[in-house]
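Working notes for the structure below.
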Protein chains: 2
Amino acid sequence: MTEQTPAKVLPEGRMEKIVSLCRRRGFIFPSSEIYGGLSSCWDYGPLGVELKRNVKEAWWQAMVRERDDMVGLDTSILMHPQVWAASGHLAGFTDPLVECKNCHLRWRSDELKEDRCPSCGGELTESRQFNLMFKTFMGPVEEDASVVYLRPETAQGIFVNFQNVLNTTRKKLPFGIAQIGKAFRNEITTGNFIFRSREFEQMEMEFFVKPGTDGEWFKYWLEQRLNWYLKLGIKKEHLHLREHTQKELAHYARSCSDIEYLFPMGWAELEGVANRGDFDLTQHAKSSGKGLEYFDDETKEHFLPCVIEPSAGVDRSVLAVLCDAYAEEPDPSAPLRTGKEEIRVVLHLHPALAPFKVAVLPLSRRENLVKVAKEVYTDLRQGWMVSYDDAQSIGRRYRRCVTVDFQSLEDKQVTVRDRDSMNQIRIPIAELKNTLAAKLAGEDILVLPPGGKVWKEERT
Amino acid sequence: MTEQTPAKVLPEGRMEKIVSLCRRRGFIFPSSEIYGGLSSCWDYGPLGVELKRNVKEAWWQAMVRERDDMVGLDTSILMHPQVWAASGHLAGFTDPLVECKNCHLRWRSDELKEDRCPSCGGELTESRQFNLMFKTFMGPVEEDASVVYLRPETAQGIFVNFQNVLNTTRKKLPFGIAQIGKAFRNEITTGNFIFRSREFEQMEMEFFVKPGTDGEWFKYWLEQRLNWYLKLGIKKEHLHLREHTQKELAHYARSCSDIEYLFPMGWAELEGVANRGDFDLTQHAKSSGKGLEYFDDETKEHFLPCVIEPSAGVDRSVLAVLCDAYAEEPDPSAPLRTGKEEIRVVLHLHPALAPFKVAVLPLSRRENLVKVAKEVYTDLRQGWMVSYDDAQSIGRRYRRCVTVDFQSLEDKQVTVRDRDSMNQIRIPIAELKNTLAAKLAGEDILVLPPGGKVWKEERT
């Protein structure tokens with residue numbers, strides 16, 4: 001557990017560069033941008049949607065598909081209001097809010113350093129508790145009885161379905177229920193791009209264990225989850241664990257550690273791993289009057305399981321992946337091509353996450369060349385997102401991935417160039433698919449075929 | 001274009017059977033069930049979440065990954081309120097509502113056959129227009145200025161990003177933008193299980209074309225989308241097209257046809273394919289003051305493209321898939337096993353959609369058998385959802401898929417049994433993966449390895 005100090009000083013303006021790259025390349029746009037945007041809501045563009053899908057897919061693969069002790073779930077965003085009474089969100093999911101009596105701007109009082117308005121210096125009202133749940137009305141009448149909330153977390157959808165899952169899958173402890181979905185928090189203070197927004201997506205898993213074993217499972221999941229980020233290529237020195245202090249601990253948590261990432265604005269939470277004890281099941285059993293106990297076949301005991309919860313943010317993971325992949329570096333091919341040094345901007349995205357796995361490029365638009373290139377493209381596209389590009393100059397084209405040239409017509413081989421090292425190999429078209437598959441599955445190949453598209457940026 | 005009459009009479013109680021199967025097997029539960037449920041919201045259980053993911057994945061694969069003329073997008077649920085002013089939803093997305101003066105129940109007046117309350121016979125109020133958008137407040141104050149809406153369709157997120165996509169991808173007409181996501185409608189009348197719910201998921205695509213070519217593209221997409229359902233195994237006789245009458249046409253549509261499915265309650269919309277003309281881009285250009293025109297490189301013209309929109313429901317697709325796969329039929333293996341006829345309930349799900357692609361079953365729990373079975377299981381699980389089961393009786397176990405028996409230890413072969421035909425073949429373990437892959441990819445193999453798990457239901 002380390003301190004909350006940056007491991008190294010990040011270059012200034014890094015976040016601005018990433019926001020700009022995302023905007024320019026079609027990763028992420030401000031929501032409703034033609035209408036001036038909607039505060040802290042974001043749209044994922046053509047590349048962003050693929051990156052985000054890949055992050056979620058990697059999580060689902062690791063958490064659900066590769067495990068015997070896990071099942072998935074997908075519960076609704078609108079839930080019965082009693083869920084939030086039982087979970088404590090109605091009473092306690094609040095931020096302290098003050099308003100300036102002069103300019104009427106509102107602030108989180110726990111974030112203010114002074115007693116007067118940071119904008120105009122006006123006097124502030126008394127602090128009051130502001131609930132962060134978005135509320136809406138279900139049915140045709142706007143009255144108290146019809147109020148429902150947009151879920152502020154996906155976790156409760158799992159707890160209220162605990163017995164349903166138990167009955168239909170006959171899982172035995174320990175086992176987990178995993179879910180990916182949108183959640184909404186009416187934050188007073190938002191910001192840092194997609195780091196804190198009012199609409200966001202979560203990847204949450206509740207792991208149900210026998211009481212007494214929760215301590216060791218907590219450690220297990222902390223390690224598992226940290227490794228997941230490492231496996232996706234996040235640099236070790238940009239990740240650390242931070243244990244919550246006793247004062248910081250949420251009311252439901254026995255212990256909690258955050259996996260923090262060194263974002264451009266500093267260390268911040270990427271994922272929280274909490275030991276929630278039996279808090280949630282106890283609350284819902286009490287509130288619903290339903291028996292939510294687990295029956296242990298072997299010991300013949302009835303009890304409420306304890307719960308370990310790794311709760312990750314999809315958008316934060318995407319941001320961390322982008323920050324970590326972003327590099328400005330000397331273009332290794334520039335001196336050969338132009339006789340000069342050039343700086344290129346590359347996103348060194350992990351093969352499993354890169355929106356495009358490979359690009360296919362005919363050396364020219366000559367018909368016979370295009371024909372072969374299209375065949376290669378069509379074949380590869382059955383399995384992966386593949387880009388086809390015959391619009392650029394030869395120089396640029398050669399920086400990218402699978403190039404079909406005139407020699408290909410004779411020897412049925414293509415040139416494969418790696419995005420990162422710019423190394424190239426020449427391999428038979430017939431071996432292309434298997435070579436790429438091996439590389440994308442993480443196998444070690446000495447001269448690497450490409451793991452992603454090069455995002456060559458102009459330096460203006 | 002056929003009439004809205006059932007192609008055949010469906011057995012009574014079919015919907016109830018499917019709802020019950022979904023509940024019992026962990027496909028779909030009522031939302032917040034331990035609190036009595038939340039009107040017309042649903043949770044997808046361990047099997048349902050996989051089926052739903054597979055439906056969405058099949059759509060994304062067909063619409064985005066396999067096409068050159070398409071990109072994806074993922075926009076936020078909360079959007080700027082001006083979006084809904086421009087699109088016409090604020091003024092016109094309404095149902096006519098009446099209230100009973102006696103019992104205060106509310107009804108859609110256009111669905112009432114009589115002038116008095118269907119529940120108590122009381123007098124009804126005048127009809128008023130009720131807007132179907134869910135509203136909420138963004139920011140700390142509940143006032144008119146902070147009202148935002150949950151999107152009632154994903155389409156508008158695409159239209160307001162038209163220029164963003166154009167600028168970042170440099171796509172040329174014709175091309176499409178595809179999106180999958182949640183939408184919300186505060187329906188007065190809900191029902192028919194997941195057919196009409198207040199929270200639902202859409203798969204929408206806006207295809208931008210040169211004005212004048214919209215008629216032929218409309219026909220093209222109608223055919224493409226119909227074929228998509230056929231390819232996923234939906235029976236031809238359960239699908240038809242229904243052209244909207246002039247009176248039915250939405251204000252934005254030049255023409256519209258529904259792809260209807262023969263649900264247990266009758267023919268109903270699965271997907272709508274509409275020619276929206278340039279209505280939406282015109283509205284947003286006017287309302288935002290931004291130029292949303294497309295520049296044609298070849299003709300040097302500026303114009304607003306026309307739009308063809310195939311809009312499909314994820315939940316409706318899931319329901320159609322379940323209804324179509326559901327079968328009660330004589331168990332072909334029963335007479336051999338028990339000497340008696342037995343009826344089994346099977347979901348004949350298409351291999352691409354089945355939650356589990358295959359089950360691995362050791363004949364007994366003997367250590368050496370389990371070892372081999374687990375190896376097969378672990379190997380297959382890299383690519384697919386695979387079930388492992390050593391808990392059932394041998395009789396039942398043999399109905400399913402890959403069985404590892406004592407002979408397997410010697411000849412390194414396993415028995416593969418098809419879910420539907422119950423035919424079985426014996427193949428080397430080394431060939432298992434390729435054989436399954438071929439089958440799942442739809443290749444014709446005479447004696448079929450399994451395309452899904454058998455859902456054997458007890459008849460009680």
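Labels used: A, B, ... for chains in the order of the structure tokens, numbers from 1 for residues in each chain, and numbers from 1 for ligands as shown.
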Checklist entry - Mind listing as a ChimeraX atom specification which residues of chain A are within 6 Å of chain B, counting only C-alpha atoms? => result /A:25-26,32,35,38,43-46,49,71-76,80,135-136,168,288
Checklist entry - Using only C-alpha atoms, which residues sit within 7 Å of region 237-249 of chain A once same-chain residues fewer than 4 positions away are excluded, as an MDAnalysis selection string? => result chainID A and resid 1:2 253 255:262
Deliver the residues from the most recent selection as a file, using all heavy atoms, as a PDB file, in the first residue's frame.
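What landed in selection.pdb:
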```pdb
ATOM      1  N   MET A   1       0.853  -1.179   0.000  1.00  0.00           N
ATOM      2  CA  MET A   1       0.000   0.000   0.000  1.00  0.00           C
ATOM      3  C   MET A   1       0.901   1.247   0.000  1.00  0.00           C
ATOM      4  O   MET A   1       1.642   1.469   0.937  1.00  0.00           O
ATOM      5  CB  MET A   1      -0.890   0.026   1.251  1.00  0.00           C
ATOM      6  CG  MET A   1      -1.550  -1.313   1.531  1.00  0.00           C
ATOM      7  SD  MET A   1      -2.882  -1.716   0.360  1.00  0.00           S
ATOM      8  CE  MET A   1      -3.034  -3.488   0.645  1.00  0.00           C
ATOM      9  N   THR A   2       0.798   2.020  -0.999  1.00  0.00           N
ATOM     10  CA  THR A   2       1.680   3.175  -1.117  1.00  0.00           C
ATOM     11  C   THR A   2       0.916   4.472  -0.902  1.00  0.00           C
ATOM     12  O   THR A   2      -0.295   4.495  -0.800  1.00  0.00           O
ATOM     13  CB  THR A   2       2.326   3.220  -2.498  1.00  0.00           C
ATOM     14  OG1 THR A   2       1.298   3.229  -3.479  1.00  0.00           O
ATOM     15  CG2 THR A   2       3.240   2.037  -2.733  1.00  0.00           C
ATOM     16  N   ALA A 253     -18.987  -1.512   4.574  1.00  0.00           N
ATOM     17  CA  ALA A 253     -17.741  -2.224   4.271  1.00  0.00           C
ATOM     18  C   ALA A 253     -16.939  -2.590   5.514  1.00  0.00           C
ATOM     19  O   ALA A 253     -16.770  -1.789   6.424  1.00  0.00           O
ATOM     20  CB  ALA A 253     -16.887  -1.386   3.327  1.00  0.00           C
ATOM     21  N   SER A 255     -13.820  -3.866   4.990  1.00  0.00           N
ATOM     22  CA  SER A 255     -12.538  -3.344   4.523  1.00  0.00           C
ATOM     23  C   SER A 255     -12.674  -3.041   3.041  1.00  0.00           C
ATOM     24  O   SER A 255     -13.557  -3.566   2.371  1.00  0.00           O
ATOM     25  CB  SER A 255     -11.404  -4.347   4.770  1.00  0.00           C
ATOM     26  OG  SER A 255     -11.727  -5.585   4.178  1.00  0.00           O
ATOM     27  N   CYS A 256     -11.810  -2.170   2.556  1.00  0.00           N
ATOM     28  CA  CYS A 256     -11.898  -1.764   1.159  1.00  0.00           C
ATOM     29  C   CYS A 256     -10.546  -1.249   0.698  1.00  0.00           C
ATOM     30  O   CYS A 256      -9.856  -0.546   1.433  1.00  0.00           O
ATOM     31  CB  CYS A 256     -12.955  -0.668   1.006  1.00  0.00           C
ATOM     32  SG  CYS A 256     -13.225  -0.165  -0.708  1.00  0.00           S
ATOM     33  N   SER A 257     -10.150  -1.668  -0.499  1.00  0.00           N
ATOM     34  CA  SER A 257      -8.940  -1.123  -1.098  1.00  0.00           C
ATOM     35  C   SER A 257      -9.256  -0.660  -2.514  1.00  0.00           C
ATOM     36  O   SER A 257     -10.010  -1.323  -3.224  1.00  0.00           O
ATOM     37  CB  SER A 257      -7.828  -2.175  -1.149  1.00  0.00           C
ATOM     38  OG  SER A 257      -7.234  -2.327   0.119  1.00  0.00           O
ATOM     39  N   ASP A 258      -8.695   0.459  -2.883  1.00  0.00           N
ATOM     40  CA  ASP A 258      -8.852   0.916  -4.256  1.00  0.00           C
ATOM     41  C   ASP A 258      -7.644   0.502  -5.080  1.00  0.00           C
ATOM     42  O   ASP A 258      -6.507   0.573  -4.618  1.00  0.00           O
ATOM     43  CB  ASP A 258      -8.957   2.460  -4.304  1.00  0.00           C
ATOM     44  CG  ASP A 258     -10.299   2.943  -3.792  1.00  0.00           C
ATOM     45  OD1 ASP A 258     -11.222   2.110  -3.669  1.00  0.00           O
ATOM     46  OD2 ASP A 258     -10.420   4.147  -3.513  1.00  0.00           O
ATOM     47  N   ILE A 259      -7.920   0.052  -6.306  1.00  0.00           N
ATOM     48  CA  ILE A 259      -6.851  -0.064  -7.286  1.00  0.00           C
ATOM     49  C   ILE A 259      -6.787   1.301  -7.961  1.00  0.00           C
ATOM     50  O   ILE A 259      -7.746   1.732  -8.587  1.00  0.00           O
ATOM     51  CB  ILE A 259      -7.151  -1.175  -8.310  1.00  0.00           C
ATOM     52  CG1 ILE A 259      -7.246  -2.523  -7.599  1.00  0.00           C
ATOM     53  CG2 ILE A 259      -6.084  -1.201  -9.395  1.00  0.00           C
ATOM     54  CD1 ILE A 259      -7.693  -3.672  -8.493  1.00  0.00           C
ATOM     55  N   GLU A 260      -5.675   1.998  -7.771  1.00  0.00           N
ATOM     56  CA  GLU A 260      -5.559   3.346  -8.320  1.00  0.00           C
ATOM     57  C   GLU A 260      -4.634   3.360  -9.536  1.00  0.00           C
ATOM     58  O   GLU A 260      -3.685   2.582  -9.622  1.00  0.00           O
ATOM     59  CB  GLU A 260      -5.039   4.316  -7.254  1.00  0.00           C
ATOM     60  CG  GLU A 260      -6.024   4.499  -6.107  1.00  0.00           C
ATOM     61  CD  GLU A 260      -5.723   5.744  -5.270  1.00  0.00           C
ATOM     62  OE1 GLU A 260      -4.525   6.096  -5.154  1.00  0.00           O
ATOM     63  OE2 GLU A 260      -6.669   6.342  -4.748  1.00  0.00           O
ATOM     64  N   TYR A 261      -4.947   4.257 -10.437  1.00  0.00           N
ATOM     65  CA  TYR A 261      -4.131   4.426 -11.629  1.00  0.00           C
ATOM     66  C   TYR A 261      -3.584   5.853 -11.642  1.00  0.00           C
ATOM     67  O   TYR A 261      -4.237   6.783 -11.181  1.00  0.00           O
ATOM     68  CB  TYR A 261      -4.975   4.183 -12.891  1.00  0.00           C
ATOM     69  CG  TYR A 261      -4.212   4.435 -14.168  1.00  0.00           C
ATOM     70  CD1 TYR A 261      -3.261   3.519 -14.623  1.00  0.00           C
ATOM     71  CD2 TYR A 261      -4.414   5.601 -14.895  1.00  0.00           C
ATOM     72  CE1 TYR A 261      -2.541   3.760 -15.775  1.00  0.00           C
ATOM     73  CE2 TYR A 261      -3.690   5.855 -16.059  1.00  0.00           C
ATOM     74  CZ  TYR A 261      -2.752   4.930 -16.496  1.00  0.00           C
ATOM     75  OH  TYR A 261      -2.024   5.175 -17.632  1.00  0.00           O
ATOM     76  N   LEU A 262      -2.384   5.990 -12.173  1.00  0.00           N
ATOM     77  CA  LEU A 262      -1.781   7.326 -12.254  1.00  0.00           C
ATOM     78  C   LEU A 262      -2.322   8.047 -13.494  1.00  0.00           C
ATOM     79  O   LEU A 262      -1.704   8.035 -14.554  1.00  0.00           O
ATOM     80  CB  LEU A 262      -0.258   7.232 -12.305  1.00  0.00           C
ATOM     81  CG  LEU A 262       0.482   8.576 -12.289  1.00  0.00           C
ATOM     82  CD1 LEU A 262       0.160   9.383 -11.038  1.00  0.00           C
ATOM     83  CD2 LEU A 262       1.982   8.369 -12.420  1.00  0.00           C
TER      84      LEU A 262
END
```
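When only C-alpha atoms are used to measure the gap to Gln202 (chain B), the shortest distance among B:Arg151, B:His251, B:Arg116, B:Lys235 belongs to B:Arg151.
CA of Lys286 (chain A) to CA of Val307 (chain A) spans 17.1 Å [interatomic distance, one decimal].
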Checklist entry - region 211-226 of chain B: which residues within 6 Å, counting only C-alpha atoms, same-chain residues fewer than 4 positions away excluded, as a list in words? => result Pro305, Cys306 and Ile308 of chain B
Written file, previous selection with N, CA and C atoms, as a short mmCIF file (atom, residue, chain, number, x, y, z; two decimals), in the first residue's frame:
```
data_model
loop_
_atom_site.label_atom_id
_atom_site.label_comp_id
_atom_site.auth_asym_id
_atom_site.auth_seq_id
_atom_site.Cartn_x
_atom_site.Cartn_y
_atom_site.Cartn_z
N PRO B 305 -28.38 14.28 -46.58
CA PRO B 305 -28.70 12.93 -47.03
C PRO B 305 -30.08 12.48 -46.55
N CYS B 306 -30.64 11.52 -47.22
CA CYS B 306 -31.83 10.83 -46.73
C CYS B 306 -31.40 9.64 -45.86
N ILE B 308 -32.36 5.78 -44.17
CA ILE B 308 -33.15 4.56 -43.99
C ILE B 308 -32.81 4.00 -42.62
#
```
Next on the checklist: Among region 127-355 of chain A, which ones does DSSP assign to strand (DSSP E or B) (computed from the backbone)? Answer as a ChimeraX atom specification.
Outcome noted: /A:128-131,135-137,147-150,175-184,191,196,199-209,239-243,255-263,266-277,294-296,301-303,306-313,326-330,343-347
Per DSSP on the backbone, what are the alpha helix (DSSP H) residues of region 361-441 of chain A, as a PDB file with N, CA and C atoms, in the first residue's frame?
```pdb
ATOM      1  N   GLU A 367      -5.903  -2.832 -60.389  1.00  0.00           N
ATOM      2  CA  GLU A 367      -7.008  -3.780 -60.218  1.00  0.00           C
ATOM      3  C   GLU A 367      -6.575  -5.133 -59.643  1.00  0.00           C
ATOM      4  N   ASN A 368      -5.491  -5.692 -60.212  1.00  0.00           N
ATOM      5  CA  ASN A 368      -5.085  -7.022 -59.759  1.00  0.00           C
ATOM      6  C   ASN A 368      -4.582  -7.008 -58.310  1.00  0.00           C
ATOM      7  N   LEU A 369      -4.013  -5.883 -57.911  1.00  0.00           N
ATOM      8  CA  LEU A 369      -3.540  -5.734 -56.539  1.00  0.00           C
ATOM      9  C   LEU A 369      -4.716  -5.603 -55.572  1.00  0.00           C
ATOM     10  N   VAL A 370      -5.652  -4.762 -55.962  1.00  0.00           N
ATOM     11  CA  VAL A 370      -6.840  -4.538 -55.140  1.00  0.00           C
ATOM     12  C   VAL A 370      -7.604  -5.852 -54.942  1.00  0.00           C
ATOM     13  N   LYS A 371      -7.638  -6.646 -55.988  1.00  0.00           N
ATOM     14  CA  LYS A 371      -8.371  -7.908 -55.920  1.00  0.00           C
ATOM     15  C   LYS A 371      -7.791  -8.812 -54.813  1.00  0.00           C
ATOM     16  N   VAL A 372      -6.467  -8.953 -54.822  1.00  0.00           N
ATOM     17  CA  VAL A 372      -5.825  -9.796 -53.800  1.00  0.00           C
ATOM     18  C   VAL A 372      -5.990  -9.182 -52.409  1.00  0.00           C
ATOM     19  N   ALA A 373      -5.795  -7.877 -52.322  1.00  0.00           N
ATOM     20  CA  ALA A 373      -5.912  -7.205 -51.023  1.00  0.00           C
ATOM     21  C   ALA A 373      -7.319  -7.370 -50.451  1.00  0.00           C
ATOM     22  N   LYS A 374      -8.318  -7.246 -51.299  1.00  0.00           N
ATOM     23  CA  LYS A 374      -9.716  -7.389 -50.844  1.00  0.00           C
ATOM     24  C   LYS A 374     -10.000  -8.816 -50.365  1.00  0.00           C
ATOM     25  N   GLU A 375      -9.365  -9.774 -51.055  1.00  0.00           N
ATOM     26  CA  GLU A 375      -9.541 -11.167 -50.638  1.00  0.00           C
ATOM     27  C   GLU A 375      -8.962 -11.384 -49.234  1.00  0.00           C
ATOM     28  N   VAL A 376      -7.765 -10.853 -49.027  1.00  0.00           N
ATOM     29  CA  VAL A 376      -7.121 -10.959 -47.711  1.00  0.00           C
ATOM     30  C   VAL A 376      -7.996 -10.287 -46.659  1.00  0.00           C
ATOM     31  N   TYR A 377      -8.459  -9.093 -46.999  1.00  0.00           N
ATOM     32  CA  TYR A 377      -9.304  -8.303 -46.103  1.00  0.00           C
ATOM     33  C   TYR A 377     -10.573  -9.068 -45.719  1.00  0.00           C
ATOM     34  N   THR A 378     -11.270  -9.592 -46.728  1.00  0.00           N
ATOM     35  CA  THR A 378     -12.530 -10.293 -46.490  1.00  0.00           C
ATOM     36  C   THR A 378     -12.318 -11.526 -45.617  1.00  0.00           C
ATOM     37  N   ASP A 379     -11.216 -12.199 -45.853  1.00  0.00           N
ATOM     38  CA  ASP A 379     -10.923 -13.399 -45.080  1.00  0.00           C
ATOM     39  C   ASP A 379     -10.651 -13.061 -43.616  1.00  0.00           C
ATOM     40  N   LEU A 380      -9.805 -12.055 -43.382  1.00  0.00           N
ATOM     41  CA  LEU A 380      -9.435 -11.696 -42.012  1.00  0.00           C
ATOM     42  C   LEU A 380     -10.630 -11.144 -41.238  1.00  0.00           C
ATOM     43  N   ILE A 394       1.976   6.049 -50.523  1.00  0.00           N
ATOM     44  CA  ILE A 394       2.693   4.801 -50.283  1.00  0.00           C
ATOM     45  C   ILE A 394       3.537   4.878 -49.018  1.00  0.00           C
ATOM     46  N   GLY A 395       4.136   6.030 -48.800  1.00  0.00           N
ATOM     47  CA  GLY A 395       4.994   6.185 -47.635  1.00  0.00           C
ATOM     48  C   GLY A 395       4.251   5.876 -46.357  1.00  0.00           C
ATOM     49  N   ARG A 396       3.119   6.522 -46.193  1.00  0.00           N
ATOM     50  CA  ARG A 396       2.343   6.309 -44.985  1.00  0.00           C
ATOM     51  C   ARG A 396       1.812   4.900 -44.921  1.00  0.00           C
ATOM     52  N   ARG A 397       1.389   4.430 -46.082  1.00  0.00           N
ATOM     53  CA  ARG A 397       0.757   3.136 -46.107  1.00  0.00           C
ATOM     54  C   ARG A 397       1.689   2.064 -45.554  1.00  0.00           C
ATOM     55  N   PHE A 406       3.193  -5.807 -55.606  1.00  0.00           N
ATOM     56  CA  PHE A 406       3.209  -6.517 -56.890  1.00  0.00           C
ATOM     57  C   PHE A 406       3.812  -7.906 -56.775  1.00  0.00           C
ATOM     58  N   GLN A 407       4.813  -8.020 -55.900  1.00  0.00           N
ATOM     59  CA  GLN A 407       5.422  -9.318 -55.706  1.00  0.00           C
ATOM     60  C   GLN A 407       4.421 -10.335 -55.151  1.00  0.00           C
ATOM     61  N   SER A 408       3.436  -9.808 -54.378  1.00  0.00           N
ATOM     62  CA  SER A 408       2.413 -10.692 -53.802  1.00  0.00           C
ATOM     63  C   SER A 408       1.683 -11.473 -54.871  1.00  0.00           C
ATOM     64  N   LEU A 409       1.549 -10.856 -56.046  1.00  0.00           N
ATOM     65  CA  LEU A 409       0.829 -11.508 -57.140  1.00  0.00           C
ATOM     66  C   LEU A 409       1.566 -12.757 -57.601  1.00  0.00           C
ATOM     67  N   GLU A 410       2.893 -12.712 -57.461  1.00  0.00           N
ATOM     68  CA  GLU A 410       3.674 -13.863 -57.891  1.00  0.00           C
ATOM     69  C   GLU A 410       3.922 -14.873 -56.777  1.00  0.00           C
ATOM     70  N   ASP A 411       4.411 -14.363 -55.624  1.00  0.00           N
ATOM     71  CA  ASP A 411       4.833 -15.320 -54.586  1.00  0.00           C
ATOM     72  C   ASP A 411       3.744 -15.601 -53.535  1.00  0.00           C
ATOM     73  N   ILE A 429       0.374 -15.728 -47.680  1.00  0.00           N
ATOM     74  CA  ILE A 429      -1.003 -15.342 -47.374  1.00  0.00           C
ATOM     75  C   ILE A 429      -1.717 -16.462 -46.628  1.00  0.00           C
ATOM     76  N   ALA A 430      -1.406 -17.677 -47.011  1.00  0.00           N
ATOM     77  CA  ALA A 430      -2.076 -18.834 -46.392  1.00  0.00           C
ATOM     78  C   ALA A 430      -1.783 -18.939 -44.901  1.00  0.00           C
ATOM     79  N   GLU A 431      -0.657 -18.339 -44.448  1.00  0.00           N
ATOM     80  CA  GLU A 431      -0.300 -18.444 -43.026  1.00  0.00           C
ATOM     81  C   GLU A 431      -0.702 -17.213 -42.217  1.00  0.00           C
ATOM     82  N   LEU A 432      -1.251 -16.222 -42.919  1.00  0.00           N
ATOM     83  CA  LEU A 432      -1.531 -14.938 -42.291  1.00  0.00           C
ATOM     84  C   LEU A 432      -2.488 -15.065 -41.112  1.00  0.00           C
ATOM     85  N   LYS A 433      -3.569 -15.780 -41.323  1.00  0.00           N
ATOM     86  CA  LYS A 433      -4.627 -15.873 -40.309  1.00  0.00           C
ATOM     87  C   LYS A 433      -4.096 -16.494 -39.016  1.00  0.00           C
ATOM     88  N   ASN A 434      -3.391 -17.615 -39.171  1.00  0.00           N
ATOM     89  CA  ASN A 434      -2.875 -18.279 -37.982  1.00  0.00           C
ATOM     90  C   ASN A 434      -1.825 -17.448 -37.261  1.00  0.00           C
ATOM     91  N   THR A 435      -0.980 -16.763 -38.040  1.00  0.00           N
ATOM     92  CA  THR A 435       0.058 -15.931 -37.428  1.00  0.00           C
ATOM     93  C   THR A 435      -0.566 -14.799 -36.625  1.00  0.00           C
ATOM     94  N   LEU A 436      -1.562 -14.166 -37.208  1.00  0.00           N
ATOM     95  CA  LEU A 436      -2.238 -13.076 -36.501  1.00  0.00           C
ATOM     96  C   LEU A 436      -2.969 -13.592 -35.261  1.00  0.00           C
ATOM     97  N   ALA A 437      -3.636 -14.720 -35.409  1.00  0.00           N
ATOM     98  CA  ALA A 437      -4.370 -15.292 -34.278  1.00  0.00           C
ATOM     99  C   ALA A 437      -3.436 -15.568 -33.115  1.00  0.00           C
ATOM    100  N   ALA A 438      -2.279 -16.130 -33.428  1.00  0.00           N
ATOM    101  CA  ALA A 438      -1.303 -16.447 -32.389  1.00  0.00           C
ATOM    102  C   ALA A 438      -0.842 -15.164 -31.687  1.00  0.00           C
ATOM    103  N   LYS A 439      -0.577 -14.152 -32.486  1.00  0.00           N
ATOM    104  CA  LYS A 439      -0.122 -12.897 -31.915  1.00  0.00           C
ATOM    105  C   LYS A 439      -1.219 -12.267 -31.044  1.00  0.00           C
ATOM    106  N   LEU A 440      -2.436 -12.260 -31.531  1.00  0.00           N
ATOM    107  CA  LEU A 440      -3.536 -11.638 -30.794  1.00  0.00           C
ATOM    108  C   LEU A 440      -3.868 -12.404 -29.525  1.00  0.00           C
TER     109      LEU A 440
END
```
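Among the candidates A:Leu322, A:Ala250, A:Ile194, A:Trp60, the one nearest to Phe93 (chain A) when counting only C-alpha atoms is A:Ala250.
If you measure from each of A:Ala441, A:Ala91, A:Leu124, A:Val416 to His104 (chain A) using only C-alpha atoms, the closest one turns out to be A:Leu124.
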